[in-house]
>>> print(open('upload_33.cif').read())   # mmCIF, C-alpha atoms
data_upload
loop_
_atom_site.label_atom_id
_atom_site.label_comp_id
_atom_site.auth_asym_id
_atom_site.auth_seq_id
_atom_site.Cartn_x
_atom_site.Cartn_y
_atom_site.Cartn_z
CA MET A 1 98.78 4.91 107.79
CA SER A 2 101.77 3.06 106.34
CA GLN A 3 105.01 2.88 108.26
CA ASP A 4 107.51 5.67 107.80
CA PRO A 5 110.12 4.34 105.26
CA ILE A 6 112.99 5.87 107.22
CA ALA A 7 111.79 4.27 110.43
CA HIS A 8 111.47 0.94 108.61
CA ILE A 9 115.04 1.17 107.30
CA SER A 10 116.27 2.03 110.79
CA GLU A 11 114.45 -0.96 112.22
CA LEU A 12 116.00 -3.30 109.63
CA LEU A 13 119.46 -1.97 110.41
CA LEU A 14 118.96 -2.55 114.12
CA THR A 15 117.48 -6.05 113.74
CA LYS A 16 118.23 -7.97 110.54
CA SER A 17 121.52 -6.25 109.71
CA GLY A 18 122.61 -6.37 113.34
CA VAL A 19 121.97 -10.11 113.53
CA LYS A 20 123.99 -10.64 110.35
CA GLN A 21 126.90 -8.68 111.77
CA VAL A 22 126.93 -10.81 114.92
CA ALA A 23 126.73 -14.01 112.82
CA TYR A 24 129.67 -12.81 110.73
CA ARG A 25 131.78 -12.01 113.77
CA ASN A 26 130.97 -15.48 115.11
CA ILE A 27 131.97 -17.29 111.91
CA CYS A 28 135.22 -15.29 111.76
CA GLN A 29 136.04 -16.42 115.28
CA VAL A 30 135.22 -20.02 114.40
CA PHE A 31 137.49 -19.77 111.35
CA LYS A 32 140.37 -18.62 113.55
CA SER A 33 139.65 -21.46 115.96
CA LEU A 34 139.66 -23.97 113.10
CA LYS A 35 143.07 -22.76 111.98
CA LYS A 36 144.44 -22.81 115.53
CA GLU A 37 143.13 -26.32 116.15
CA ALA A 38 144.46 -27.52 112.77
CA ILE A 39 147.94 -26.27 113.67
CA LYS A 40 147.78 -27.99 117.05
CA LEU A 41 146.59 -31.27 115.54
CA ILE A 42 149.19 -31.27 112.75
CA GLU A 43 151.94 -30.61 115.30
CA THR A 44 150.72 -33.60 117.32
CA ILE A 45 150.61 -35.87 114.26
CA ASN A 46 154.03 -34.68 113.11
CA ALA A 47 155.48 -35.55 116.50
CA GLN A 48 154.23 -39.12 116.10
CA THR A 49 155.36 -39.54 112.48
CA ASP A 50 158.64 -37.60 112.73
CA SER A 51 161.64 -39.32 111.07
CA LYS A 52 159.52 -42.24 109.85
CA ASP A 53 159.17 -40.90 106.32
CA GLU A 54 160.49 -37.49 105.31
CA ASP A 55 158.25 -37.43 102.22
CA ILE A 56 155.08 -37.44 104.35
CA ILE A 57 154.61 -33.72 104.88
CA LEU A 58 151.91 -32.30 107.10
CA SER A 59 151.57 -28.55 107.43
CA VAL A 60 149.17 -25.64 107.80
CA ASN A 61 149.60 -22.64 105.52
CA GLU A 62 147.76 -19.34 105.94
CA ILE A 63 146.80 -17.90 102.56
CA SER A 64 144.68 -14.93 103.65
CA ASP A 65 142.21 -13.86 106.31
CA GLN A 66 139.60 -15.95 104.49
CA GLU A 67 141.65 -19.01 103.50
CA PHE A 68 144.12 -21.50 104.91
CA HIS A 69 145.38 -24.89 103.73
CA VAL A 70 146.09 -28.11 105.58
CA LYS A 71 148.52 -30.32 103.66
CA VAL A 72 148.36 -34.00 104.56
CA ALA A 73 150.88 -35.89 102.41
CA GLY A 74 149.37 -35.88 98.90
CA ASP A 75 146.12 -34.22 99.94
CA LEU A 76 145.27 -30.60 100.51
CA LEU A 77 142.34 -29.36 102.58
CA VAL A 78 141.29 -25.85 101.59
CA PHE A 79 139.34 -23.96 104.26
CA PHE A 80 137.45 -21.01 102.81
CA LEU A 81 135.55 -18.40 104.83
CA HIS A 82 132.67 -16.73 102.99
CA THR A 83 132.42 -13.01 103.63
CA ASN A 84 128.65 -12.93 103.12
CA ILE A 85 125.94 -14.14 105.45
CA ILE A 86 123.65 -16.67 103.78
CA THR A 87 120.30 -18.35 104.31
CA LEU A 88 119.26 -21.83 103.28
CA SER A 89 116.30 -22.50 101.00
CA GLU A 90 112.88 -22.40 102.63
CA ASP A 91 112.32 -26.15 102.21
CA TYR A 92 115.50 -26.93 104.14
CA ALA A 93 114.95 -28.95 107.31
CA TYR A 94 116.87 -26.38 109.34
CA ASN A 95 114.49 -23.58 108.35
CA LYS A 96 111.50 -25.77 109.19
CA SER A 97 112.85 -26.67 112.62
CA PRO A 98 111.12 -25.35 115.77
CA TYR A 99 114.40 -23.65 116.65
CA VAL A 100 114.26 -21.36 113.60
CA GLN A 101 110.50 -20.98 113.52
CA GLU A 102 110.64 -19.63 117.07
CA ASN A 103 113.02 -16.85 115.96
CA LEU A 104 113.54 -16.26 112.24
CA ALA A 105 116.73 -14.30 112.92
CA ARG A 106 118.35 -17.69 113.56
CA LYS A 107 118.21 -18.55 109.85
CA TYR A 108 121.07 -16.17 108.99
CA LEU A 109 124.31 -18.10 108.84
CA GLY A 110 128.00 -17.52 108.39
CA GLN A 111 129.61 -20.21 106.24
CA ILE A 112 132.96 -22.02 105.95
CA ASN A 113 133.55 -24.51 103.12
CA VAL A 114 136.25 -27.19 103.18
CA TYR A 115 137.46 -28.63 99.87
CA ASN A 116 139.75 -31.57 99.18
CA PHE A 117 142.30 -31.07 96.39
CA MET A 118 145.32 -33.11 95.42
CA ALA A 119 148.38 -31.25 96.70
CA ASP A 120 150.02 -31.59 93.28
CA SER A 121 147.12 -29.68 91.72
CA LEU A 122 148.31 -26.50 93.43
CA LYS A 123 151.99 -27.38 93.25
CA TYR A 124 151.90 -27.69 89.47
CA ASN A 125 149.10 -25.12 88.98
CA ARG A 126 146.84 -27.66 87.27
CA LEU A 127 143.87 -25.37 86.81
CA ASN A 128 141.48 -28.04 85.52
CA ASP A 129 141.95 -30.44 88.44
CA PRO A 130 138.76 -30.74 90.50
CA GLY A 131 138.39 -30.19 94.21
CA TYR A 132 135.60 -31.80 96.21
CA LEU A 133 133.52 -30.25 98.96
CA LEU A 134 134.04 -32.39 102.06
CA ALA A 135 132.03 -30.28 104.47
CA ARG A 136 130.49 -26.91 105.14
CA LEU A 137 130.13 -25.41 108.58
CA MET A 138 127.49 -22.77 109.27
CA VAL A 139 127.08 -20.67 112.42
CA ASN A 140 124.35 -18.22 113.43
CA PHE A 141 124.28 -15.22 115.75
CA GLU A 142 123.78 -17.48 118.78
CA GLN A 143 126.85 -19.55 117.83
CA ARG A 144 124.66 -22.56 117.15
CA PHE A 145 126.01 -24.52 114.21
CA ILE A 146 125.25 -26.94 111.39
CA VAL A 147 127.79 -29.19 109.67
CA GLU A 148 127.04 -30.87 106.36
CA GLY A 149 129.34 -33.50 104.88
CA ASP A 150 129.74 -37.05 103.68
CA ARG A 151 129.81 -40.27 105.62
CA GLN A 152 131.02 -39.93 109.23
CA ILE A 153 130.91 -36.13 109.18
CA ASN A 154 127.21 -36.22 108.41
CA PHE A 155 126.68 -38.91 111.05
CA MET A 156 128.48 -36.95 113.78
CA PHE A 157 126.63 -33.69 113.11
CA GLU A 158 123.09 -34.70 112.21
CA SER A 159 121.21 -31.46 112.89
CA VAL A 160 121.58 -28.01 114.37
CA SER A 161 123.59 -28.10 117.59
CA ASN A 162 121.77 -27.77 120.88
CA LYS A 163 124.49 -25.49 122.25
CA PRO A 164 127.04 -22.95 120.95
CA ILE A 165 130.03 -24.35 119.09
CA GLU A 166 132.92 -25.40 121.32
CA LYS A 167 136.59 -26.31 120.95
CA THR A 168 135.69 -30.01 121.16
CA ASP A 169 133.34 -29.71 118.17
CA ILE A 170 136.05 -27.99 116.14
CA SER A 171 138.66 -30.59 117.07
CA ILE A 172 136.38 -33.48 116.09
CA LEU A 173 135.56 -31.84 112.76
CA ILE A 174 139.23 -31.25 111.91
CA GLN A 175 140.09 -34.87 112.70
CA LEU A 176 137.23 -36.18 110.58
CA LEU A 177 138.19 -33.95 107.65
CA ILE A 178 141.82 -35.09 107.70
CA THR A 179 140.78 -38.74 107.95
CA GLN A 180 138.35 -38.39 105.07
CA ALA A 181 140.93 -36.63 102.87
CA ILE A 182 143.42 -39.45 103.47
CA ASN A 183 140.76 -42.03 102.62
CA ASN A 184 139.81 -40.31 99.35
CA ASP A 185 141.97 -42.28 96.94
CA LEU A 186 142.48 -41.81 93.23
CA VAL A 187 140.47 -44.48 91.44
CA VAL A 188 141.26 -45.61 87.91
CA PRO A 189 138.21 -46.23 85.65
CA PRO A 190 137.80 -49.54 83.78
CA PHE A 191 140.51 -50.21 81.16
CA GLN A 192 138.10 -50.07 78.22
CA LYS A 193 136.80 -46.67 79.28
CA ILE A 194 140.21 -45.05 78.90
CA ARG A 195 141.62 -47.24 76.15
CA SER A 196 141.85 -44.38 73.68
CA ILE A 197 142.70 -40.71 74.07
CA SER A 198 143.18 -37.88 71.60
CA LEU A 199 146.58 -36.39 70.88
CA GLN A 200 145.37 -33.18 72.53
CA GLN A 201 144.55 -35.08 75.71
CA LYS A 202 147.96 -36.72 75.63
CA LEU A 203 149.72 -33.37 75.26
CA ILE A 204 147.68 -31.84 78.06
CA GLN A 205 148.32 -34.83 80.30
CA SER A 206 152.06 -34.71 79.68
CA GLU A 207 152.13 -30.99 80.40
CA LEU A 208 150.27 -31.40 83.67
CA LEU A 209 152.54 -34.16 84.93
CA GLY A 210 149.87 -36.79 85.31
CA ALA A 211 146.90 -34.80 86.53
CA GLY A 212 144.08 -36.73 88.17
CA ASP A 213 141.54 -35.75 85.56
CA LYS A 214 138.79 -38.33 85.20
CA LYS A 215 138.67 -37.73 81.44
CA ILE A 216 142.06 -39.39 81.07
CA GLY A 217 142.67 -41.72 83.90
CA PHE A 218 141.54 -41.01 87.42
CA GLN A 219 138.85 -39.67 89.67
CA MET A 220 138.66 -39.15 93.39
CA SER A 221 136.95 -41.97 95.25
CA ALA A 222 134.62 -39.40 96.87
CA GLN A 223 133.37 -38.49 93.41
CA GLN A 224 131.97 -41.99 92.93
CA ASN A 225 129.52 -41.27 95.72
CA VAL A 226 127.93 -38.39 93.84
CA GLU A 227 127.90 -39.69 90.27
#
>>> encode(input="upload_33.cif", output="structure tokens")
Amino acid sequence: MSQDPIAHISELLLTKSGVKQVAYRNICQVFKSLKKEAIKLIETINAQTDSKDEDIILSVNEISDQEFHVKVAGDLLVFFLHTNIITLSEDYAYNKSPYVQENLARKYLGQINVYNFMADSLKYNRLNDPGYLLARLMVNFEQRFIVEGDRQINFMFESVSNKPIEKTDISILIQLLITQAINNDLVVPPFQKIRSISLQQKLIQSELLGAGDKKIGFQMSAQQNVE
């Protein structure tokens, strides 16, 4: 005889849905810790750079419960907390790992994405300016975590952690993100590639006060790694 549908729904609520709720509470706590550590780090950096150049502004701004910004001179790191629990595709190395195969509930993850924008993009509301994903942090119901990112971020966090996320992990990640944002320069394409523009492009560019749009003059150095 087939399982009672009501009993099946109750079982799902107590297992799968319960695991997702724990994962979401965990990622919310990690998000708060990221913000707290970012504030602490920026205060430390400000103390070392104070009075050296008043135009170099470093700050942390809370936008909402799901978003905060870290401004580092001309760069802006946007931390965004997803409100939904996700899973990775079945062919993902994480899902094939012995850790997940031992307990499939471990595949449900809370997610935080970190984007790098130019600070002027938000200042002047340049809606067409791109932002680039520097890293995404995912945490499960056991507080084990995965970090995906470019260059040193990917090197430091190669696979799922062997222990729950700690303050040290969060501090290292924040430092790497700030360093990478600073190192992501605007790169001008070859002269011949931008030798001519349309009048419409000129008008748009003038209106946006020199936006870093690759169509007209610039692209982020990080973008060269993905094109």
>>> closest_residue(input="upload_33.cif", among="A:Val100, A:Ile56, A:Ile27, A:Leu133", to="His82 (chain A)", atoms="all atoms listed in the file")
A:Ile27
>>> closest_residue(input="upload_33.cif", among="A:Ser97, A:Gln29, A:Gln21, A:Ser121", to="Leu76 (chain A)", atoms="only C-alpha atoms")
A:Ser121
>>> residues_around(input="upload_33.cif", residues="region 136-143 of chain A", least_positions_apart="3", cutoff="7 Å", atoms="all atoms listed in the file", output="PyMOL selection string")
chain A and resi 19+22-23+26-27+106+108-114+146-149+164-165
>>> resolve_selection(input="upload_33.cif", expression="the PyMOL selection byres ((chain A and resi 64) around 12)", output="VMD selection string")
chain A and resid 31 to 32 35 61 to 63 65 to 69 78 to 81
>>> atom_distance(input="upload_33.cif", atom1="CA of Ile174 (chain A)", atom2="CA of Phe155 (chain A)")
14.7 Å
>>> closest_residue(input="upload_33.cif", among="A:Thr49, A:Thr87, A:Gln200, A:Asn183", to="Lys20 (chain A)", atoms="all atoms listed in the file")
A:Thr87
>>> atom_distance(input="upload_33.cif", atom1="CA of Phe191 (chain A)", atom2="CA of Tyr115 (chain A)")
28.7 Å
>>> closest_residue(input="upload_33.cif", among="A:Ser17, A:Ser159, A:Gln180, A:Lys167", to="Asn84 (chain A)", atoms="only C-alpha atoms")
A:Ser17
>>> atom_distance(input="upload_33.cif", atom1="CA of Asn154 (chain A)", atom2="CA of Ile172 (chain A)")
12.3 Å
>>> residues_near_point(input="upload_33.cif", point="(132.9, -34.6, 107.5)", cutoff="7 Å", atoms="all atoms listed in the file", output="PyMOL selection string")
chain A and resi 134-135+149-154+173+176-177
>>> write_last_selection(input="upload_33.cif", atoms="C-alpha atoms", output="short mmCIF file (atom, residue, chain, number, x, y, z; two decimals), keeping the file's coordinate frame")
data_model
loop_
_atom_site.label_atom_id
_atom_site.label_comp_id
_atom_site.auth_asym_id
_atom_site.auth_seq_id
_atom_site.Cartn_x
_atom_site.Cartn_y
_atom_site.Cartn_z
CA LEU A 134 134.04 -32.39 102.06
CA ALA A 135 132.03 -30.28 104.47
CA GLY A 149 129.34 -33.50 104.88
CA ASP A 150 129.74 -37.05 103.68
CA ARG A 151 129.81 -40.27 105.62
CA GLN A 152 131.02 -39.93 109.23
CA ILE A 153 130.91 -36.13 109.18
CA ASN A 154 127.21 -36.22 108.41
CA LEU A 173 135.56 -31.84 112.76
CA LEU A 176 137.23 -36.18 110.58
CA LEU A 177 138.19 -33.95 107.65
#
>>> axis_aligned_box(input="upload_33.cif", around="region 122-128 of chain A", padding_each_side="4 Å", output="lines of an AutoDock Vina configuration file")
center_x = 146.7
center_y = -26.6
center_z = 89.5
size_x = 18.5
size_y = 10.9
size_z = 15.9
>>> closest_residue(input="upload_33.cif", among="A:Val30, A:Ile39, A:Gln192, A:Tyr24", to="Glu166 (chain A)", atoms="all atoms listed in the file")
A:Val30
>>> closest_residue(input="upload_33.cif", among="A:Ala73, A:Ile45, A:Leu34, A:Leu104", to="Ile57 (chain A)", atoms="all atoms listed in the file")
A:Ala73
